[in-house]
$ cat input26.cif   # mmCIF, C-alpha atoms
data_input
#
loop_
_atom_site.label_atom_id
_atom_site.label_comp_id
_atom_site.auth_asym_id
_atom_site.auth_seq_id
_atom_site.Cartn_x
_atom_site.Cartn_y
_atom_site.Cartn_z
CA MET A 1 -17.54 -23.89 -11.32
CA ASP A 2 -19.83 -21.34 -12.58
CA THR A 3 -22.03 -23.42 -14.83
CA ALA A 4 -25.20 -22.63 -16.73
CA ARG A 5 -28.27 -24.80 -17.06
CA ASN A 6 -30.93 -24.93 -19.73
CA GLN A 7 -28.81 -22.86 -22.09
CA PRO A 8 -30.26 -22.57 -25.61
CA SER A 9 -28.27 -23.75 -28.61
CA LEU A 10 -25.99 -26.03 -26.61
CA PRO A 11 -23.69 -28.10 -28.79
CA ALA A 12 -23.73 -31.86 -28.44
CA GLN A 13 -22.42 -32.89 -25.04
CA ALA A 14 -19.41 -34.66 -26.55
CA GLY A 15 -18.44 -31.47 -28.34
CA VAL A 16 -18.77 -29.43 -25.15
CA TRP A 17 -16.39 -31.65 -23.21
CA LYS A 18 -14.03 -31.93 -26.17
CA LYS A 19 -13.66 -28.16 -26.44
CA GLY A 20 -13.20 -27.85 -22.70
CA ALA A 21 -10.51 -30.52 -22.85
CA TYR A 22 -8.70 -28.73 -25.68
CA ILE A 23 -8.70 -25.42 -23.81
CA SER A 24 -7.50 -27.11 -20.62
CA LEU A 25 -4.74 -28.93 -22.50
CA PHE A 26 -3.63 -25.69 -24.14
CA VAL A 27 -3.42 -23.98 -20.74
CA PHE A 28 -1.49 -26.94 -19.33
CA ILE A 29 1.04 -26.93 -22.19
CA LEU A 30 1.65 -23.18 -21.88
CA SER A 31 2.08 -23.55 -18.11
CA PHE A 32 4.50 -26.42 -18.59
CA VAL A 33 6.63 -24.54 -21.12
CA TYR A 34 6.81 -21.54 -18.79
CA ALA A 35 7.70 -23.66 -15.76
CA PHE A 36 10.32 -25.60 -17.73
CA VAL A 37 12.02 -22.44 -18.97
CA ARG A 38 11.84 -20.63 -15.61
CA TYR A 39 12.97 -23.47 -13.40
CA ASN A 40 14.92 -25.98 -15.49
CA ILE A 41 16.58 -23.58 -17.94
CA VAL A 42 16.96 -20.28 -16.10
CA ARG A 43 17.20 -21.49 -12.50
CA ASN A 44 18.98 -24.78 -13.24
CA VAL A 45 16.56 -27.05 -11.39
CA PRO A 46 17.62 -30.65 -12.25
CA TYR A 47 15.62 -32.30 -15.02
CA ASP A 48 14.93 -35.30 -12.79
CA GLN A 49 12.58 -33.05 -10.77
CA ILE A 50 10.27 -32.49 -13.75
CA PRO A 51 7.96 -35.49 -13.10
CA PHE A 52 6.82 -34.31 -9.66
CA PHE A 53 8.26 -31.00 -8.44
CA ILE A 54 7.97 -29.04 -11.68
CA SER A 55 4.81 -30.78 -12.86
CA ASN A 56 3.19 -29.98 -9.54
CA LYS A 57 3.71 -26.28 -10.21
CA VAL A 58 2.22 -26.76 -13.67
CA PHE A 59 -0.87 -28.50 -12.31
CA ALA A 60 -1.27 -25.76 -9.69
CA LEU A 61 -1.07 -22.89 -12.19
CA SER A 62 -3.21 -24.70 -14.76
CA SER A 63 -5.98 -25.38 -12.25
CA VAL A 64 -6.08 -21.71 -11.20
CA ILE A 65 -6.34 -20.53 -14.81
CA ILE A 66 -8.84 -23.15 -15.99
CA ILE A 67 -11.17 -22.66 -13.02
CA GLY A 68 -10.75 -18.91 -13.39
CA LEU A 69 -11.83 -19.12 -17.03
CA SER A 70 -15.01 -20.92 -16.00
CA PHE A 71 -15.71 -18.13 -13.47
CA VAL A 72 -14.91 -15.19 -15.73
CA LEU A 73 -16.93 -16.16 -18.81
CA GLY A 74 -20.20 -15.00 -17.25
CA PRO A 75 -18.94 -11.52 -16.31
CA LEU A 76 -17.22 -11.09 -19.67
CA ALA A 77 -20.52 -11.93 -21.37
CA LYS A 78 -21.96 -8.76 -19.83
CA PHE A 79 -19.41 -6.54 -21.50
CA TRP A 80 -19.10 -8.38 -24.81
CA PRO A 81 -22.27 -10.48 -25.16
CA GLN A 82 -21.84 -11.25 -28.85
CA THR A 83 -18.42 -12.76 -28.19
CA PHE A 84 -18.87 -14.52 -24.87
CA VAL A 85 -22.54 -15.48 -24.53
CA PRO A 86 -22.06 -18.24 -27.15
CA LYS A 87 -19.15 -19.53 -25.01
CA LEU A 88 -21.04 -19.84 -21.74
CA TYR A 89 -21.68 -23.54 -22.33
CA LEU A 90 -17.95 -24.11 -21.68
CA ARG A 91 -18.22 -23.12 -18.02
CA LYS A 92 -19.18 -26.54 -16.74
CA SER A 93 -16.50 -28.48 -18.64
CA LEU A 94 -13.81 -25.98 -17.70
CA GLY A 95 -14.87 -26.12 -14.06
CA VAL A 96 -14.70 -29.91 -14.00
CA PHE A 97 -11.34 -30.08 -15.81
CA GLY A 98 -9.99 -27.37 -13.54
CA PHE A 99 -11.06 -29.32 -10.47
CA GLY A 100 -9.46 -32.49 -11.85
CA THR A 101 -6.20 -30.62 -12.40
CA ALA A 102 -6.38 -29.24 -8.86
CA ALA A 103 -6.93 -32.76 -7.55
CA VAL A 104 -3.74 -33.96 -9.22
CA HIS A 105 -1.91 -31.00 -7.67
CA ALA A 106 -3.25 -31.94 -4.24
CA VAL A 107 -2.15 -35.57 -4.60
CA ILE A 108 1.36 -34.66 -5.77
CA SER A 109 1.76 -32.01 -3.07
CA SER A 110 0.80 -34.44 -0.33
CA SER A 111 3.40 -36.92 -1.59
CA ILE A 112 6.39 -34.56 -1.79
CA ILE A 113 5.84 -32.14 1.08
CA SER A 114 9.08 -32.29 3.05
CA PRO A 115 11.94 -30.00 4.13
CA ALA A 116 13.88 -31.09 1.04
CA TYR A 117 11.25 -29.70 -1.35
CA TYR A 118 9.67 -26.96 0.77
CA PRO A 119 12.25 -25.77 3.33
CA ASP A 120 10.27 -22.58 4.07
CA PHE A 121 7.46 -24.76 5.46
CA PHE A 122 9.60 -26.31 8.20
CA ASP A 123 11.60 -25.18 11.22
CA ALA A 124 15.04 -26.38 12.22
CA ALA A 125 13.57 -29.39 14.01
CA GLY A 126 11.75 -30.54 10.88
CA LYS A 127 8.32 -29.54 12.17
CA ILE A 128 5.90 -27.68 9.94
CA ASN A 129 5.98 -23.99 10.84
CA LEU A 130 3.26 -21.33 10.77
CA ILE A 131 3.69 -20.57 7.08
CA GLY A 132 3.52 -24.26 6.22
CA GLU A 133 0.47 -24.94 8.36
CA THR A 134 -1.40 -21.87 7.11
CA THR A 135 -0.61 -22.68 3.49
CA LEU A 136 -1.83 -26.24 3.92
CA LEU A 137 -4.96 -25.14 5.76
CA PHE A 138 -6.04 -22.74 3.02
CA GLY A 139 -5.25 -25.33 0.36
CA ILE A 140 -7.23 -28.08 2.08
CA LEU A 141 -10.22 -25.80 2.70
CA ALA A 142 -10.21 -24.63 -0.92
CA PHE A 143 -10.01 -28.16 -2.29
CA SER A 144 -12.76 -29.38 0.05
CA ILE A 145 -15.14 -26.65 -1.11
CA PHE A 146 -14.30 -27.28 -4.76
CA LEU A 147 -15.03 -30.96 -4.17
CA ILE A 148 -18.51 -30.15 -2.85
CA VAL A 149 -19.15 -27.86 -5.82
CA ALA A 150 -17.95 -30.52 -8.26
CA VAL A 151 -20.10 -33.23 -6.68
CA SER A 152 -23.15 -30.96 -6.89
CA SER A 153 -22.61 -30.80 -10.66
CA ILE A 154 -23.13 -34.55 -11.08
CA PRO A 155 -26.34 -34.66 -13.17
CA ALA A 156 -28.31 -36.88 -10.75
CA ILE A 157 -27.39 -34.74 -7.74
CA GLU A 158 -27.88 -31.51 -9.65
CA GLU A 159 -31.39 -32.58 -10.62
CA LYS A 160 -32.38 -33.46 -7.05
CA MET A 161 -31.07 -30.20 -5.60
CA GLY A 162 -33.23 -27.90 -7.68
CA MET A 163 -32.10 -24.74 -9.42
CA GLU A 164 -31.88 -22.35 -6.45
CA ARG A 165 -30.07 -24.70 -4.09
CA TRP A 166 -27.73 -25.75 -6.87
CA LYS A 167 -26.85 -22.15 -7.68
CA SER A 168 -26.22 -21.44 -3.99
CA VAL A 169 -23.74 -24.31 -3.76
CA GLN A 170 -22.02 -23.20 -6.98
CA ARG A 171 -21.41 -19.74 -5.52
CA PHE A 172 -19.22 -21.31 -2.83
CA GLY A 173 -16.72 -21.86 -5.62
CA TYR A 174 -15.80 -18.19 -5.33
CA LEU A 175 -14.97 -18.66 -1.65
CA ALA A 176 -12.75 -21.59 -2.58
CA TYR A 177 -11.06 -19.48 -5.27
CA PHE A 178 -10.36 -16.75 -2.70
CA LEU A 179 -8.88 -19.38 -0.37
CA VAL A 180 -6.59 -20.42 -3.22
CA LEU A 181 -5.37 -16.81 -3.36
CA LEU A 182 -4.59 -16.98 0.36
CA HIS A 183 -2.98 -20.40 -0.10
CA VAL A 184 -0.64 -19.09 -2.79
CA GLY A 185 -0.01 -15.74 -1.16
CA VAL A 186 1.00 -17.09 2.24
CA MET A 187 3.21 -19.69 0.58
CA ASP A 188 5.34 -17.42 -1.60
CA PHE A 189 4.76 -13.77 -0.69
CA LYS A 190 8.33 -13.42 0.64
CA ASP A 191 9.78 -14.42 -2.73
CA TRP A 192 7.80 -11.75 -4.58
CA SER A 193 10.02 -9.00 -3.15
CA ASP A 194 13.24 -10.78 -4.14
CA PRO A 195 14.73 -9.28 -7.36
CA GLU A 196 16.35 -12.63 -8.11
CA ALA A 197 12.88 -14.14 -8.52
CA TYR A 198 12.38 -12.02 -11.67
CA LYS A 199 15.45 -13.10 -13.58
CA TYR A 200 14.93 -12.56 -17.33
CA LEU A 201 11.51 -11.10 -16.46
CA LEU A 202 10.17 -14.57 -15.68
CA ILE A 203 7.98 -13.86 -12.66
CA PRO A 204 7.15 -16.55 -10.08
CA ILE A 205 4.38 -18.95 -10.99
CA SER A 206 2.71 -18.24 -7.66
CA LEU A 207 2.53 -14.54 -8.53
CA ILE A 208 1.03 -15.31 -11.95
CA ALA A 209 -1.63 -17.42 -10.23
CA SER A 210 -2.36 -14.69 -7.68
CA LEU A 211 -2.65 -11.96 -10.31
CA PHE A 212 -4.98 -14.11 -12.39
CA ILE A 213 -7.23 -14.76 -9.39
CA ILE A 214 -7.32 -11.04 -8.62
CA PHE A 215 -8.15 -10.32 -12.27
CA VAL A 216 -11.09 -12.74 -12.15
CA PHE A 217 -12.48 -11.14 -9.01
CA LEU A 218 -12.05 -7.62 -10.37
CA VAL A 219 -13.91 -8.52 -13.56
CA ARG A 220 -16.62 -10.12 -11.46
CA ILE A 221 -16.90 -7.02 -9.25
CA PHE A 222 -17.06 -4.65 -12.22
CA ALA A 223 -19.66 -6.85 -13.90
CA GLY A 224 -21.68 -6.80 -10.69
CA THR A 225 -22.29 -3.08 -11.16
CA PHE A 226 -24.18 -3.82 -14.34
CA LYS A 227 -27.20 -5.99 -15.04
CA LYS A 228 -27.40 -9.56 -13.76
CA SER A 229 -24.95 -12.03 -15.23
CA PRO A 230 -26.09 -14.32 -18.07
#
$ encode --input "input26.cif" --output "structure tokens"
Amino acid sequence: MDTARNQPSLPAQAGVWKKGAYISLFVFILSFVYAFVRYNIVRNVPYDQIPFFISNKVFALSSVIIIGLSFVLGPLAKFWPQTFVPKLYLRKSLGVFGFGTAAVHAVISSSIISPAYYPDFFDAAGKINLIGETTLLFGILAFSIFLIVAVSSIPAIEEKMGMERWKSVQRFGYLAYFLVLLHVGVMDFKDWSDPEAYKYLLIPISLIASLFIIFVFLVRIFAGTFKKSP
């Protein structure tokens, strides 16, 4: 969670978190509508799977987008400073809300992982196969790093760390974000080549998440060729 400290003209803290919450809620609602249409309407997934199975996909996609927004604001501020520099104060709230959404995804995933929900993760004997183990490994590593980054943003801890050490820890968030890309890619890459997965041009949620992560990294790389980020 690419946050900024000592930013001038920061709004009141309550307003900062309120705006971050509104943006996160908007992303969640859009993700839910898309997942509902793609899975429940188009692919006829039973409605009784909305509370966990479908919602888990929504939490996963929402966390990728919300965290990605917190990462991409800085690079975008290089290209369009008048538009995005005034928005940099949102990075911390978006990072925290994104992590919270990812945490819900992790809890739900751990409770429903089984051959019934994720048959591609298991072999005929019911044991987790290589795809399943690799997917879980990348997911656990990503969440663990995000947890460290989130804890470092607690004001008391942030203050004790000092600016340079704090920034160093925050940069590990990009490693975690890359691990999320691996987590999603290993999990669903086989489905991306299946024409049936694109029925009515509704592409897989995992592919949307992967493309968004790639977009964030590309913007970051392009911004890196210019002056230092705000």
$ resolve_selection --input "input26.cif" --expression "the PyMOL selection byres ((chain A and resi 143) around 9)" --output "ChimeraX atom specification"
/A:99,102-103,106,138-142,144-148,176,180
$ residues_around --input "input26.cif" --residues "A:Ile67" --least-positions-apart "2" --cutoff "8 Å" --atoms "all atoms listed in the file" --output "list in words"
Met1, Ser63, Val64, Ile65, Leu69, Ser70, Phe71, Leu94, Gly95, Phe97, Gly98 and Phe99 of chain A
$ closest_atom_pairs --input "input26.cif" --of "stretch 53-141 of chain A" --to "stretch 27-37 of chain A" --cutoff "8 Å" --atoms "all atoms listed in the file" --output "Markdown table"
| residue | atom | partner | partner_atom | distance |
| --- | --- | --- | --- | --- |
| A:Ile54 | CA | A:Ala35 | CA | 6.8 |
| A:Ser55 | CA | A:Phe32 | CA | 7.2 |
| A:Lys57 | CA | A:Ala35 | CA | 7.3 |
| A:Val58 | CA | A:Phe32 | CA | 5.4 |
| A:Phe59 | CA | A:Phe28 | CA | 7.2 |
| A:Leu61 | CA | A:Ser31 | CA | 6.7 |
| A:Ser62 | CA | A:Phe28 | CA | 5.4 |
| A:Ile65 | CA | A:Val27 | CA | 7.5 |
| A:Ile66 | CA | A:Val27 | CA | 7.3 |
$ axis_aligned_box --input "input26.cif" --around "stretch 63-78 of chain A" --padding-each-side "4 Å" --output "lines of an AutoDock Vina configuration file"
center_x = -14.0
center_y = -17.1
center_z = -16.3
size_x = 24.0
size_y = 24.6
size_z = 18.2
$ closest_residue --input "input26.cif" --among "A:Leu90, A:Val149, A:Ile205, A:Ala60" --to "A:Asp188" --atoms "all atoms listed in the file"
A:Ile205
$ atom_distance --input "input26.cif" --atom1 "atom CA of A:Ile154" --atom2 "atom CA of A:Arg171"
15.9 Å
$ closest_residue --input "input26.cif" --among "A:Asn56, A:Asp191, A:Glu164, A:Val184" --to "A:Val104" --atoms "all atoms listed in the file"
A:Asn56
$ decode --input "input26.cif" --residues "stretch 136-177 of chain A" --atoms "N, CA and C atoms" --output "PDB file, in the first residue's frame"
ATOM      1  N   LEU A 136      -2.030 -22.084  -3.938  1.00  0.00           N
ATOM      2  CA  LEU A 136      -2.124 -21.764  -2.517  1.00  0.00           C
ATOM      3  C   LEU A 136      -0.835 -21.129  -2.002  1.00  0.00           C
ATOM      4  N   LEU A 137       0.301 -21.641  -2.453  1.00  0.00           N
ATOM      5  CA  LEU A 137       1.579 -21.097  -2.000  1.00  0.00           C
ATOM      6  C   LEU A 137       1.712 -19.621  -2.363  1.00  0.00           C
ATOM      7  N   PHE A 138       1.444 -19.298  -3.617  1.00  0.00           N
ATOM      8  CA  PHE A 138       1.553 -17.903  -4.046  1.00  0.00           C
ATOM      9  C   PHE A 138       0.551 -17.017  -3.302  1.00  0.00           C
ATOM     10  N   GLY A 139      -0.647 -17.548  -3.076  1.00  0.00           N
ATOM     11  CA  GLY A 139      -1.650 -16.774  -2.357  1.00  0.00           C
ATOM     12  C   GLY A 139      -1.254 -16.511  -0.914  1.00  0.00           C
ATOM     13  N   ILE A 140      -0.732 -17.527  -0.248  1.00  0.00           N
ATOM     14  CA  ILE A 140      -0.324 -17.380   1.149  1.00  0.00           C
ATOM     15  C   ILE A 140       0.855 -16.420   1.273  1.00  0.00           C
ATOM     16  N   LEU A 141       1.824 -16.544   0.370  1.00  0.00           N
ATOM     17  CA  LEU A 141       2.983 -15.647   0.397  1.00  0.00           C
ATOM     18  C   LEU A 141       2.556 -14.201   0.168  1.00  0.00           C
ATOM     19  N   ALA A 142       1.668 -13.994  -0.810  1.00  0.00           N
ATOM     20  CA  ALA A 142       1.195 -12.640  -1.101  1.00  0.00           C
ATOM     21  C   ALA A 142       0.472 -12.051   0.097  1.00  0.00           C
ATOM     22  N   PHE A 143      -0.415 -12.825   0.700  1.00  0.00           N
ATOM     23  CA  PHE A 143      -1.175 -12.319   1.843  1.00  0.00           C
ATOM     24  C   PHE A 143      -0.260 -12.030   3.024  1.00  0.00           C
ATOM     25  N   SER A 144       0.727 -12.872   3.246  1.00  0.00           N
ATOM     26  CA  SER A 144       1.653 -12.670   4.359  1.00  0.00           C
ATOM     27  C   SER A 144       2.430 -11.369   4.205  1.00  0.00           C
ATOM     28  N   ILE A 145       2.879 -11.096   2.978  1.00  0.00           N
ATOM     29  CA  ILE A 145       3.624  -9.850   2.741  1.00  0.00           C
ATOM     30  C   ILE A 145       2.709  -8.650   2.901  1.00  0.00           C
ATOM     31  N   PHE A 146       1.499  -8.747   2.363  1.00  0.00           N
ATOM     32  CA  PHE A 146       0.542  -7.647   2.517  1.00  0.00           C
ATOM     33  C   PHE A 146       0.241  -7.389   3.996  1.00  0.00           C
ATOM     34  N   LEU A 147       0.204  -8.453   4.784  1.00  0.00           N
ATOM     35  CA  LEU A 147      -0.041  -8.300   6.215  1.00  0.00           C
ATOM     36  C   LEU A 147       1.070  -7.495   6.877  1.00  0.00           C
ATOM     37  N   ILE A 148       2.314  -7.799   6.525  1.00  0.00           N
ATOM     38  CA  ILE A 148       3.456  -7.061   7.074  1.00  0.00           C
ATOM     39  C   ILE A 148       3.384  -5.588   6.668  1.00  0.00           C
ATOM     40  N   VAL A 149       3.058  -5.348   5.404  1.00  0.00           N
ATOM     41  CA  VAL A 149       2.947  -3.976   4.910  1.00  0.00           C
ATOM     42  C   VAL A 149       1.838  -3.232   5.641  1.00  0.00           C
ATOM     43  N   ALA A 150       0.700  -3.916   5.843  1.00  0.00           N
ATOM     44  CA  ALA A 150      -0.426  -3.278   6.524  1.00  0.00           C
ATOM     45  C   ALA A 150      -0.089  -2.967   7.979  1.00  0.00           C
ATOM     46  N   VAL A 151       0.571  -3.896   8.654  1.00  0.00           N
ATOM     47  CA  VAL A 151       0.948  -3.671  10.055  1.00  0.00           C
ATOM     48  C   VAL A 151       1.906  -2.496  10.158  1.00  0.00           C
ATOM     49  N   SER A 152       2.811  -2.355   9.195  1.00  0.00           N
ATOM     50  CA  SER A 152       3.774  -1.254   9.235  1.00  0.00           C
ATOM     51  C   SER A 152       3.101   0.103   9.069  1.00  0.00           C
ATOM     52  N   SER A 153       1.863   0.112   8.591  1.00  0.00           N
ATOM     53  CA  SER A 153       1.137   1.365   8.411  1.00  0.00           C
ATOM     54  C   SER A 153       0.352   1.780   9.649  1.00  0.00           C
ATOM     55  N   ILE A 154       0.362   0.948  10.689  1.00  0.00           N
ATOM     56  CA  ILE A 154      -0.245   1.359  11.960  1.00  0.00           C
ATOM     57  C   ILE A 154       0.552   2.549  12.486  1.00  0.00           C
ATOM     58  N   PRO A 155      -0.123   3.662  12.801  1.00  0.00           N
ATOM     59  CA  PRO A 155       0.595   4.906  13.134  1.00  0.00           C
ATOM     60  C   PRO A 155       1.730   4.736  14.136  1.00  0.00           C
ATOM     61  N   ALA A 156       1.512   3.992  15.224  1.00  0.00           N
ATOM     62  CA  ALA A 156       2.553   3.839  16.241  1.00  0.00           C
ATOM     63  C   ALA A 156       3.774   3.115  15.686  1.00  0.00           C
ATOM     64  N   ILE A 157       3.541   2.077  14.886  1.00  0.00           N
ATOM     65  CA  ILE A 157       4.643   1.320  14.296  1.00  0.00           C
ATOM     66  C   ILE A 157       5.326   2.138  13.215  1.00  0.00           C
ATOM     67  N   GLU A 158       4.519   2.819  12.422  1.00  0.00           N
ATOM     68  CA  GLU A 158       5.057   3.664  11.353  1.00  0.00           C
ATOM     69  C   GLU A 158       6.006   4.724  11.905  1.00  0.00           C
ATOM     70  N   GLU A 159       5.612   5.313  13.036  1.00  0.00           N
ATOM     71  CA  GLU A 159       6.421   6.360  13.649  1.00  0.00           C
ATOM     72  C   GLU A 159       7.755   5.819  14.149  1.00  0.00           C
ATOM     73  N   LYS A 160       7.739   4.622  14.733  1.00  0.00           N
ATOM     74  CA  LYS A 160       8.959   4.043  15.284  1.00  0.00           C
ATOM     75  C   LYS A 160       9.928   3.598  14.189  1.00  0.00           C
ATOM     76  N   MET A 161       9.393   3.222  13.042  1.00  0.00           N
ATOM     77  CA  MET A 161      10.249   2.690  11.977  1.00  0.00           C
ATOM     78  C   MET A 161      11.116   3.768  11.341  1.00  0.00           C
ATOM     79  N   GLY A 162      10.609   4.975  11.261  1.00  0.00           N
ATOM     80  CA  GLY A 162      11.334   6.010  10.537  1.00  0.00           C
ATOM     81  C   GLY A 162      11.005   5.972   9.056  1.00  0.00           C
ATOM     82  N   MET A 163      11.164   7.079   8.398  1.00  0.00           N
ATOM     83  CA  MET A 163      10.729   7.228   7.007  1.00  0.00           C
ATOM     84  C   MET A 163      11.361   6.215   6.064  1.00  0.00           C
ATOM     85  N   GLU A 164      12.688   6.056   6.097  1.00  0.00           N
ATOM     86  CA  GLU A 164      13.363   5.205   5.125  1.00  0.00           C
ATOM     87  C   GLU A 164      13.004   3.740   5.302  1.00  0.00           C
ATOM     88  N   ARG A 165      13.033   3.262   6.538  1.00  0.00           N
ATOM     89  CA  ARG A 165      12.675   1.864   6.776  1.00  0.00           C
ATOM     90  C   ARG A 165      11.228   1.603   6.426  1.00  0.00           C
ATOM     91  N   TRP A 166      10.371   2.558   6.726  1.00  0.00           N
ATOM     92  CA  TRP A 166       8.950   2.418   6.430  1.00  0.00           C
ATOM     93  C   TRP A 166       8.725   2.316   4.922  1.00  0.00           C
ATOM     94  N   LYS A 167       9.401   3.177   4.165  1.00  0.00           N
ATOM     95  CA  LYS A 167       9.267   3.135   2.710  1.00  0.00           C
ATOM     96  C   LYS A 167       9.777   1.806   2.152  1.00  0.00           C
ATOM     97  N   SER A 168      10.865   1.290   2.724  1.00  0.00           N
ATOM     98  CA  SER A 168      11.412   0.019   2.261  1.00  0.00           C
ATOM     99  C   SER A 168      10.415  -1.111   2.439  1.00  0.00           C
ATOM    100  N   VAL A 169       9.742  -1.134   3.590  1.00  0.00           N
ATOM    101  CA  VAL A 169       8.734  -2.164   3.849  1.00  0.00           C
ATOM    102  C   VAL A 169       7.564  -2.006   2.888  1.00  0.00           C
ATOM    103  N   GLN A 170       7.139  -0.763   2.653  1.00  0.00           N
ATOM    104  CA  GLN A 170       6.011  -0.523   1.754  1.00  0.00           C
ATOM    105  C   GLN A 170       6.279  -1.049   0.345  1.00  0.00           C
ATOM    106  N   ARG A 171       7.516  -0.964  -0.088  1.00  0.00           N
ATOM    107  CA  ARG A 171       7.856  -1.423  -1.444  1.00  0.00           C
ATOM    108  C   ARG A 171       7.670  -2.921  -1.607  1.00  0.00           C
ATOM    109  N   PHE A 172       7.680  -3.667  -0.511  1.00  0.00           N
ATOM    110  CA  PHE A 172       7.433  -5.111  -0.607  1.00  0.00           C
ATOM    111  C   PHE A 172       6.009  -5.391  -1.082  1.00  0.00           C
ATOM    112  N   GLY A 173       5.146  -4.390  -0.987  1.00  0.00           N
ATOM    113  CA  GLY A 173       3.789  -4.566  -1.481  1.00  0.00           C
ATOM    114  C   GLY A 173       3.764  -4.912  -2.962  1.00  0.00           C
ATOM    115  N   TYR A 174       4.727  -4.398  -3.721  1.00  0.00           N
ATOM    116  CA  TYR A 174       4.783  -4.709  -5.144  1.00  0.00           C
ATOM    117  C   TYR A 174       5.143  -6.174  -5.373  1.00  0.00           C
ATOM    118  N   LEU A 175       5.999  -6.721  -4.525  1.00  0.00           N
ATOM    119  CA  LEU A 175       6.313  -8.145  -4.611  1.00  0.00           C
ATOM    120  C   LEU A 175       5.058  -8.967  -4.338  1.00  0.00           C
ATOM    121  N   ALA A 176       4.317  -8.575  -3.318  1.00  0.00           N
ATOM    122  CA  ALA A 176       3.080  -9.286  -2.996  1.00  0.00           C
ATOM    123  C   ALA A 176       2.100  -9.207  -4.161  1.00  0.00           C
ATOM    124  N   TYR A 177       2.014  -8.033  -4.795  1.00  0.00           N
ATOM    125  CA  TYR A 177       1.100  -7.859  -5.920  1.00  0.00           C
ATOM    126  C   TYR A 177       1.506  -8.749  -7.087  1.00  0.00           C
TER     127      TYR A 177
END
